Structure formats: structure tokens, C-alpha cells
Amino acid sequence: MTQTIVEIKSNFGNDKVKMKIFSQNALSKIDIDYIHTLRRDELIKYGRVRGWTVLDITEWA
């Protein structure tokens, strides 16, 4: 199980949110490049299709 933290755009506006992705294998450069084009809810849906667990960690202390 690997963990990857990315910063992407929120659903509305240009605010940034931090997301943590749990996946069985390390994400490829192509996956990471594609992830950066998505918004928060799109990443959560895309993660489900890929079998990943995706969490919004913006408000974690």
C-alpha cells in the first residue's frame, strides 16, 4: 500500500485542496499528471474506478 499526497483545485474557484491517495502500487507519472488536471470530486470518482482510496486532508491539523 502506497500513499501519495497531491494538491489540486477545489470543486469551485481556484482554491487548492490537499488530497491523500492510497493505492496498491506507486502512481505513475502519467497518473500524477492526469490527477493534476482534475478537481476534488472528479479525483474521488476517478480513484474509485482505479480501486484507490482518496481522502481530502485539507482540514487535517
# chains A, B, ... in the order shown; residues from 1 in each chain; ligands from 1

$ select_by_dssp --residues "chain A" --states "strand (DSSP E or B)" --output "ChimeraX atom specification"
/A:2-9,16-23,39,53-56

$ write_last_selection --atoms "C-alpha atoms" --output "PDB file, in the first residue's frame"
ATOM      1  CA  THR A   2       1.448   3.352  -1.017  1.00  0.00           C
ATOM      2  CA  GLN A   3       0.382   6.875  -0.112  1.00  0.00           C
ATOM      3  CA  THR A   4       0.598   9.916  -2.345  1.00  0.00           C
ATOM      4  CA  ILE A   5      -0.309  13.479  -1.405  1.00  0.00           C
ATOM      5  CA  VAL A   6      -1.335  15.862  -4.196  1.00  0.00           C
ATOM      6  CA  GLU A   7      -2.618  19.412  -4.275  1.00  0.00           C
ATOM      7  CA  ILE A   8      -5.400  20.047  -6.795  1.00  0.00           C
ATOM      8  CA  LYS A   9      -8.123  22.609  -7.474  1.00  0.00           C
ATOM      9  CA  LYS A  16      -6.300  24.415  -3.672  1.00  0.00           C
ATOM     10  CA  VAL A  17      -7.094  21.317  -1.623  1.00  0.00           C
ATOM     11  CA  LYS A  18      -4.748  18.577  -0.434  1.00  0.00           C
ATOM     12  CA  MET A  19      -5.736  15.021  -1.214  1.00  0.00           C
ATOM     13  CA  LYS A  20      -4.191  11.767   0.003  1.00  0.00           C
ATOM     14  CA  ILE A  21      -4.358   8.764  -2.306  1.00  0.00           C
ATOM     15  CA  PHE A  22      -3.898   5.210  -1.034  1.00  0.00           C
ATOM     16  CA  SER A  23      -3.093   2.738  -3.809  1.00  0.00           C
ATOM     17  CA  ARG A  39     -10.952  18.804  -9.469  1.00  0.00           C
ATOM     18  CA  THR A  53      -8.937   5.306  -1.503  1.00  0.00           C
ATOM     19  CA  VAL A  54      -8.934   9.098  -1.853  1.00  0.00           C
ATOM     20  CA  LEU A  55      -9.237  11.412   1.167  1.00  0.00           C
ATOM     21  CA  ASP A  56      -9.469  15.193   1.423  1.00  0.00           C
TER      22      ASP A  56
END

$ closest_residue --among "A:Trp60, A:Ser10, A:Asp15, A:Leu27" --to "A:Arg40" --atoms "only C-alpha atoms"
A:Ser10

$ atom_distance --atom1 "atom CA of A:Asn11" --atom2 "atom CA of A:Asp41"
6.6 Å

$ select_by_dssp --residues "chain A" --states "alpha helix (DSSP H)" --output "PyMOL selection string"
chain A and resi 29-35+40-50

$ write_last_selection --atoms "all heavy atoms" --output "compact mmCIF listing (two decimals), in the first residue's frame"
# COMPACT_ATOMS: atom_id res chain seq x y z
N LYS A 29 3.93 8.48 -13.43
CA LYS A 29 3.99 9.91 -13.79
C LYS A 29 2.76 10.30 -14.60
O LYS A 29 2.22 11.39 -14.42
CB LYS A 29 5.26 10.21 -14.57
CG LYS A 29 5.33 11.62 -15.11
CD LYS A 29 6.66 12.24 -14.94
CE LYS A 29 6.78 13.61 -15.56
NZ LYS A 29 5.75 14.56 -15.25
N ILE A 30 2.30 9.41 -15.46
CA ILE A 30 1.10 9.68 -16.26
C ILE A 30 -0.12 9.85 -15.36
O ILE A 30 -0.92 10.77 -15.55
CB ILE A 30 0.88 8.56 -17.29
CG1 ILE A 30 2.01 8.56 -18.31
CG2 ILE A 30 -0.47 8.70 -17.98
CD1 ILE A 30 2.04 7.36 -19.22
N ASP A 31 -0.26 8.97 -14.34
CA ASP A 31 -1.37 9.10 -13.40
C ASP A 31 -1.31 10.44 -12.67
O ASP A 31 -2.32 11.13 -12.56
CB ASP A 31 -1.35 7.97 -12.37
CG ASP A 31 -1.85 6.65 -12.90
OD1 ASP A 31 -2.69 6.67 -13.81
OD2 ASP A 31 -1.39 5.61 -12.41
N ILE A 32 -0.15 10.81 -12.18
CA ILE A 32 0.00 12.05 -11.42
C ILE A 32 -0.28 13.26 -12.30
O ILE A 32 -0.96 14.20 -11.88
CB ILE A 32 1.39 12.12 -10.77
CG1 ILE A 32 1.50 11.04 -9.68
CG2 ILE A 32 1.65 13.50 -10.18
CD1 ILE A 32 2.86 10.86 -9.09
N ASP A 33 0.21 13.24 -13.54
CA ASP A 33 -0.07 14.35 -14.46
C ASP A 33 -1.56 14.48 -14.72
O ASP A 33 -2.10 15.58 -14.75
CB ASP A 33 0.68 14.15 -15.78
CG ASP A 33 2.17 14.36 -15.66
OD1 ASP A 33 2.61 14.94 -14.64
OD2 ASP A 33 2.89 13.93 -16.57
N TYR A 34 -2.24 13.35 -14.89
CA TYR A 34 -3.68 13.38 -15.12
C TYR A 34 -4.42 13.87 -13.88
O TYR A 34 -5.36 14.66 -13.97
CB TYR A 34 -4.20 12.01 -15.56
CG TYR A 34 -5.68 12.01 -15.80
CD1 TYR A 34 -6.23 12.72 -16.86
CD2 TYR A 34 -6.55 11.30 -14.96
CE1 TYR A 34 -7.60 12.74 -17.08
CE2 TYR A 34 -7.91 11.32 -15.17
CZ TYR A 34 -8.43 12.04 -16.23
OH TYR A 34 -9.78 12.06 -16.44
N ILE A 35 -4.01 13.42 -12.72
CA ILE A 35 -4.65 13.82 -11.46
C ILE A 35 -4.62 15.33 -11.29
O ILE A 35 -5.60 15.93 -10.83
CB ILE A 35 -3.97 13.11 -10.27
CG1 ILE A 35 -4.39 11.63 -10.25
CG2 ILE A 35 -4.30 13.79 -8.95
CD1 ILE A 35 -3.57 10.77 -9.32
N ARG A 40 -11.57 18.25 -7.17
CA ARG A 40 -11.71 17.39 -5.99
C ARG A 40 -12.66 16.22 -6.22
O ARG A 40 -12.27 15.06 -6.05
CB ARG A 40 -12.19 18.23 -4.80
CG ARG A 40 -12.34 17.43 -3.54
CD ARG A 40 -13.02 18.27 -2.46
NE ARG A 40 -13.28 17.48 -1.30
CZ ARG A 40 -14.35 16.71 -1.14
NH1 ARG A 40 -15.25 16.62 -2.09
NH2 ARG A 40 -14.51 16.02 -0.04
N ASP A 41 -13.91 16.49 -6.57
CA ASP A 41 -14.89 15.40 -6.73
C ASP A 41 -14.54 14.49 -7.90
O ASP A 41 -14.80 13.28 -7.85
CB ASP A 41 -16.30 15.97 -6.92
CG ASP A 41 -16.89 16.51 -5.62
OD1 ASP A 41 -16.28 16.28 -4.55
OD2 ASP A 41 -17.94 17.17 -5.68
N GLU A 42 -13.95 15.04 -8.95
CA GLU A 42 -13.54 14.22 -10.08
C GLU A 42 -12.46 13.23 -9.66
O GLU A 42 -12.47 12.07 -10.09
CB GLU A 42 -13.01 15.10 -11.22
CG GLU A 42 -14.07 15.98 -11.86
CD GLU A 42 -13.49 17.00 -12.82
OE1 GLU A 42 -12.32 17.39 -12.69
OE2 GLU A 42 -14.25 17.40 -13.72
N LEU A 43 -11.53 13.67 -8.81
CA LEU A 43 -10.48 12.77 -8.34
C LEU A 43 -11.05 11.65 -7.48
O LEU A 43 -10.64 10.50 -7.60
CB LEU A 43 -9.41 13.54 -7.56
CG LEU A 43 -8.32 12.70 -6.91
CD1 LEU A 43 -7.59 11.84 -7.96
CD2 LEU A 43 -7.34 13.58 -6.16
N ILE A 44 -12.02 11.97 -6.64
CA ILE A 44 -12.63 10.94 -5.80
C ILE A 44 -13.30 9.87 -6.68
O ILE A 44 -13.13 8.67 -6.46
CB ILE A 44 -13.62 11.57 -4.80
CG1 ILE A 44 -12.83 12.42 -3.78
CG2 ILE A 44 -14.46 10.51 -4.11
CD1 ILE A 44 -13.70 13.27 -2.88
N LYS A 45 -14.03 10.31 -7.70
CA LYS A 45 -14.69 9.36 -8.61
C LYS A 45 -13.66 8.54 -9.40
O LYS A 45 -13.81 7.33 -9.56
CB LYS A 45 -15.62 10.10 -9.57
CG LYS A 45 -16.85 10.66 -8.90
CD LYS A 45 -17.69 11.45 -9.88
CE LYS A 45 -18.84 12.13 -9.19
NZ LYS A 45 -19.61 12.97 -10.12
N TYR A 46 -12.63 9.21 -9.90
CA TYR A 46 -11.58 8.53 -10.67
C TYR A 46 -10.86 7.51 -9.78
O TYR A 46 -10.55 6.40 -10.21
CB TYR A 46 -10.60 9.56 -11.22
CG TYR A 46 -9.48 8.97 -12.04
CD1 TYR A 46 -9.73 8.41 -13.28
CD2 TYR A 46 -8.16 8.99 -11.57
CE1 TYR A 46 -8.70 7.87 -14.04
CE2 TYR A 46 -7.13 8.46 -12.33
CZ TYR A 46 -7.41 7.90 -13.56
OH TYR A 46 -6.39 7.37 -14.31
N GLY A 47 -10.63 7.87 -8.53
CA GLY A 47 -9.97 6.97 -7.60
C GLY A 47 -10.77 5.70 -7.35
O GLY A 47 -10.22 4.61 -7.26
N ARG A 48 -12.08 5.84 -7.24
CA ARG A 48 -12.94 4.66 -7.04
C ARG A 48 -12.81 3.70 -8.21
O ARG A 48 -12.74 2.49 -8.03
CB ARG A 48 -14.39 5.08 -6.88
CG ARG A 48 -14.71 5.62 -5.53
CD ARG A 48 -16.21 5.80 -5.36
NE ARG A 48 -16.46 6.73 -4.28
CZ ARG A 48 -17.31 7.71 -4.33
NH1 ARG A 48 -18.06 7.90 -5.40
NH2 ARG A 48 -17.48 8.51 -3.31
N VAL A 49 -12.81 4.25 -9.42
CA VAL A 49 -12.69 3.42 -10.62
C VAL A 49 -11.36 2.68 -10.62
O VAL A 49 -11.29 1.50 -10.99
CB VAL A 49 -12.83 4.28 -11.90
CG1 VAL A 49 -12.48 3.49 -13.14
CG2 VAL A 49 -14.23 4.86 -11.99
N ARG A 50 -10.29 3.33 -10.18
CA ARG A 50 -8.96 2.73 -10.16
C ARG A 50 -8.72 1.84 -8.93
O ARG A 50 -7.69 1.20 -8.83
CB ARG A 50 -7.88 3.83 -10.17
CG ARG A 50 -7.88 4.72 -11.40
CD ARG A 50 -7.45 3.98 -12.65
NE ARG A 50 -6.18 3.33 -12.51
CZ ARG A 50 -5.06 3.68 -13.11
NH1 ARG A 50 -5.05 4.69 -13.91
NH2 ARG A 50 -3.95 3.00 -12.91

$ closest_residue --among "A:Trp52, A:Ala26, A:Phe12, A:Ile57" --to "A:Leu38" --atoms "only C-alpha atoms"
A:Phe12
